[in-house]
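Okay, structure first, notes after.
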Amino acid sequence: MNLSEISLVVAAGGKSTRMGRDKRFLDLAGETLLARTLRKGRAAGFREIVLAAEGETEELRGVAETFGTRLAIDETPAQGPAAAIAAGLAAVTSDWALVLSGDMPFYDFDLVRILLPEARGERQVVLPMALGYWQPLAALYRKEAGAAFRAGIARGDRKLGLILRELAVREVPLTVDAGLLFNVNTPAAYR
């Protein structure tokens, strides 16, 4: 399996509560965080790209059009990344998708090639680990895993760790620079 056979789901929520403003459109070296992720994903050669967000805005429609992506809107608002994963996986047409947070400006799409060989058999999630921590917003998910996220949200469980425990997960330790998985969540992190 290669990148042209899988989809990319960019989880681009919209609350940005810790940042205090919409981090998707923060500038980094002349482009927004979201545009940077979409541009790099498009260049990597994914079969399709889905932008999963809590709500639809004119700005999101514009960036989706610019990068040839489809919007997938969370069915239940205010459910965090679990809702983005559920909406994104429901929208993809491939069996597997990389779900990536839209606020990881230094992510290297070559990391997916480490995960792809593990996407086989009954596995539903190929979950990278960096410095001993799960990286669920840089993981490969089988399309069918979206049902577990929808069910979790329906019963009031939106924590990714709880939902992941219900799935057939293959953990893959990464020995890469942890900066590649850096999230821009706060003003300090943005600086």
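Naming scheme: A, B, ... for chains in displayed order of the structure tokens; residues 1 onward per chain; ligands 1 onward as shown.
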
Could you list, as an NGL selection string, every residue within 6 Å of segment 101-112 of chain A, counting only C-alpha atoms and ignoring same-chain residues fewer than 6 positions away? :A and (10-12 or 33-34 or 137 or 180-184)

Step one, run DSSP on the backbone; step two, keep only residues of segment 84-170 of chain A assigned to strand (DSSP E or B); then write them as a CSV table (one decimal) with N, CA, C and O atoms, in the first residue's frame.
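Result file out.csv:
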chain,number,residue,atom,x,y,z
A,96,TRP,N,-8.3,3.0,4.1
A,96,TRP,CA,-7.5,3.5,5.2
A,96,TRP,C,-7.3,5.0,5.0
A,96,TRP,O,-7.3,5.5,3.8
A,97,ALA,N,-7.1,5.7,6.1
A,97,ALA,CA,-6.8,7.2,6.0
A,97,ALA,C,-5.8,7.6,7.1
A,97,ALA,O,-5.8,7.0,8.2
A,98,LEU,N,-4.9,8.5,6.8
A,98,LEU,CA,-4.1,9.1,7.8
A,98,LEU,C,-4.9,10.2,8.4
A,98,LEU,O,-5.4,11.1,7.6
A,99,VAL,N,-5.1,10.3,9.7
A,99,VAL,CA,-5.8,11.4,10.4
A,99,VAL,C,-4.7,12.2,11.0
A,99,VAL,O,-3.9,11.7,11.8
A,100,LEU,N,-4.7,13.5,10.6
A,100,LEU,CA,-3.6,14.4,11.0
A,100,LEU,C,-4.2,15.7,11.5
A,100,LEU,O,-5.1,16.2,10.9
A,101,SER,N,-3.7,16.1,12.6
A,101,SER,CA,-4.1,17.4,13.2
A,101,SER,C,-3.7,18.5,12.2
A,101,SER,O,-2.5,18.5,11.8
A,125,VAL,N,-6.4,0.5,13.6
A,125,VAL,CA,-5.6,1.7,13.9
A,125,VAL,C,-4.2,1.4,13.9
A,125,VAL,O,-3.8,0.4,14.6
A,126,VAL,N,-3.3,2.1,13.2
A,126,VAL,CA,-1.9,2.0,13.4
A,126,VAL,C,-1.5,3.3,14.0
A,126,VAL,O,-1.6,4.4,13.4
A,127,LEU,N,-1.1,3.2,15.3
A,127,LEU,CA,-0.9,4.3,16.2
A,127,LEU,C,0.5,4.6,16.5
A,127,LEU,O,1.2,3.8,17.2
A,128,PRO,N,1.1,5.7,16.0
A,128,PRO,CA,2.5,6.0,16.3
A,128,PRO,C,2.6,6.4,17.7
A,128,PRO,O,1.7,7.0,18.3
A,129,MET,N,3.8,6.1,18.3
A,129,MET,CA,4.1,6.5,19.7
A,129,MET,C,5.4,7.3,19.6
A,129,MET,O,6.4,6.9,19.0
A,130,ALA,N,5.5,8.4,20.2
A,130,ALA,CA,6.7,9.2,20.3
A,130,ALA,C,6.9,9.6,21.8
A,130,ALA,O,6.0,10.1,22.5
A,133,TYR,N,4.3,8.4,24.2
A,133,TYR,CA,2.9,8.8,24.1
A,133,TYR,C,2.3,8.5,22.8
A,133,TYR,O,2.9,8.6,21.8
A,134,TRP,N,1.0,8.1,22.9
A,134,TRP,CA,0.2,7.9,21.7
A,134,TRP,C,0.1,9.2,20.9
A,134,TRP,O,0.0,10.2,21.5
A,138,ALA,N,-2.0,11.6,14.4
A,138,ALA,CA,-1.0,11.4,13.3
A,138,ALA,C,-1.0,9.9,13.0
A,138,ALA,O,0.1,9.3,12.8
A,139,ALA,N,-2.2,9.3,13.0
A,139,ALA,CA,-2.3,7.8,13.0
A,139,ALA,C,-3.1,7.4,11.7
A,139,ALA,O,-3.8,8.2,11.2
A,140,LEU,N,-2.9,6.2,11.4
A,140,LEU,CA,-3.6,5.5,10.3
A,140,LEU,C,-4.9,4.9,10.9
A,140,LEU,O,-4.8,4.2,11.9
A,141,TYR,N,-6.0,5.1,10.2
A,141,TYR,CA,-7.3,4.5,10.7
A,141,TYR,C,-7.9,3.8,9.5
A,141,TYR,O,-8.0,4.4,8.4
A,142,ARG,N,-8.5,2.6,9.8
A,142,ARG,CA,-9.3,1.9,8.8
A,142,ARG,C,-10.7,2.7,8.8
A,142,ARG,O,-11.1,3.1,9.9
A,169,VAL,N,-5.7,-2.0,17.8
A,169,VAL,CA,-4.6,-1.0,17.6
A,169,VAL,C,-3.3,-1.7,17.5
A,169,VAL,O,-3.0,-2.6,18.3
A,170,ARG,N,-2.5,-1.2,16.6
A,170,ARG,CA,-1.1,-1.6,16.5
A,170,ARG,C,-0.3,-0.4,16.8
A,170,ARG,O,-0.3,0.6,16.1

Among chain A, which ones does DSSP assign to alpha helix (DSSP H) (computed from the backbone)? Answer as number ranges by chain. A: 33-44, 58-66, 81-91, 112-115, 146-154, 160-164, 187-190

Now that the selection is made, can you save its residues with C-alpha atoms as a short mmCIF file (atom, residue, chain, number, x, y, z; two decimals), in the first residue's frame?
data_model
loop_
_atom_site.label_atom_id
_atom_site.label_comp_id
_atom_site.auth_asym_id
_atom_site.auth_seq_id
_atom_site.Cartn_x
_atom_site.Cartn_y
_atom_site.Cartn_z
CA LEU A 33 -1.10 26.53 9.54
CA LEU A 34 -4.01 24.87 7.79
CA ALA A 35 -2.85 25.81 4.29
CA ARG A 36 0.63 24.50 5.10
CA THR A 37 -0.74 21.12 6.15
CA LEU A 38 -3.02 20.86 3.12
CA ARG A 39 -0.27 21.91 0.70
CA LYS A 40 2.16 19.36 2.11
CA GLY A 41 -0.53 16.67 2.09
CA ARG A 42 -1.44 17.41 -1.52
CA ALA A 43 2.25 17.23 -2.52
CA ALA A 44 2.63 13.87 -0.72
CA GLU A 58 -16.47 30.92 4.15
CA GLU A 59 -12.76 30.76 5.00
CA LEU A 60 -12.84 26.96 5.28
CA ARG A 61 -14.75 26.62 2.02
CA GLY A 62 -12.13 28.83 0.37
CA VAL A 63 -9.14 26.86 1.63
CA ALA A 64 -10.86 23.56 0.75
CA GLU A 65 -11.46 24.79 -2.79
CA THR A 66 -7.89 26.07 -3.13
CA PRO A 81 -11.03 15.44 17.78
CA ALA A 82 -13.27 12.38 18.21
CA ALA A 83 -15.93 14.11 16.11
CA ALA A 84 -13.38 15.11 13.46
CA ILE A 85 -12.16 11.52 13.21
CA ALA A 86 -15.74 10.23 12.94
CA ALA A 87 -16.73 12.78 10.28
CA GLY A 88 -13.50 12.43 8.33
CA LEU A 89 -13.57 8.63 8.21
CA ALA A 90 -17.24 8.67 7.18
CA ALA A 91 -16.33 10.94 4.25
CA VAL A 112 3.40 7.57 7.00
CA ARG A 113 5.65 5.16 5.14
CA ILE A 114 6.74 3.75 8.53
CA LEU A 115 3.10 3.10 9.45
CA GLY A 146 -15.16 5.71 12.51
CA ALA A 147 -18.12 3.77 13.92
CA ALA A 148 -16.35 3.41 17.28
CA PHE A 149 -15.84 7.18 17.44
CA ARG A 150 -19.49 7.84 16.59
CA ALA A 151 -20.60 5.33 19.24
CA GLY A 152 -18.24 6.85 21.81
CA ILE A 153 -19.62 10.32 21.22
CA ALA A 154 -23.21 9.01 21.40
CA LEU A 160 -9.59 9.44 22.17
CA GLY A 161 -7.80 7.10 24.59
CA LEU A 162 -11.07 5.54 25.73
CA ILE A 163 -12.33 4.99 22.21
CA LEU A 164 -9.00 3.64 20.95
CA PRO A 187 0.27 31.50 22.16
CA ALA A 188 3.59 30.37 23.67
CA ALA A 189 3.78 27.42 21.29
CA TYR A 190 2.98 29.71 18.36
#

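Closest approach to Glu54 of chain A from the set A:Ser4, A:Thr69, A:Asp74, A:Ala119 is made by A:Asp74, with distances taken over only C-alpha atoms.
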
Which residue is closest to Lys143 of chain A? Choose from A:Arg47, A:Leu167, A:Gln124, A:Val172 and count only C-alpha atoms. A:Gln124
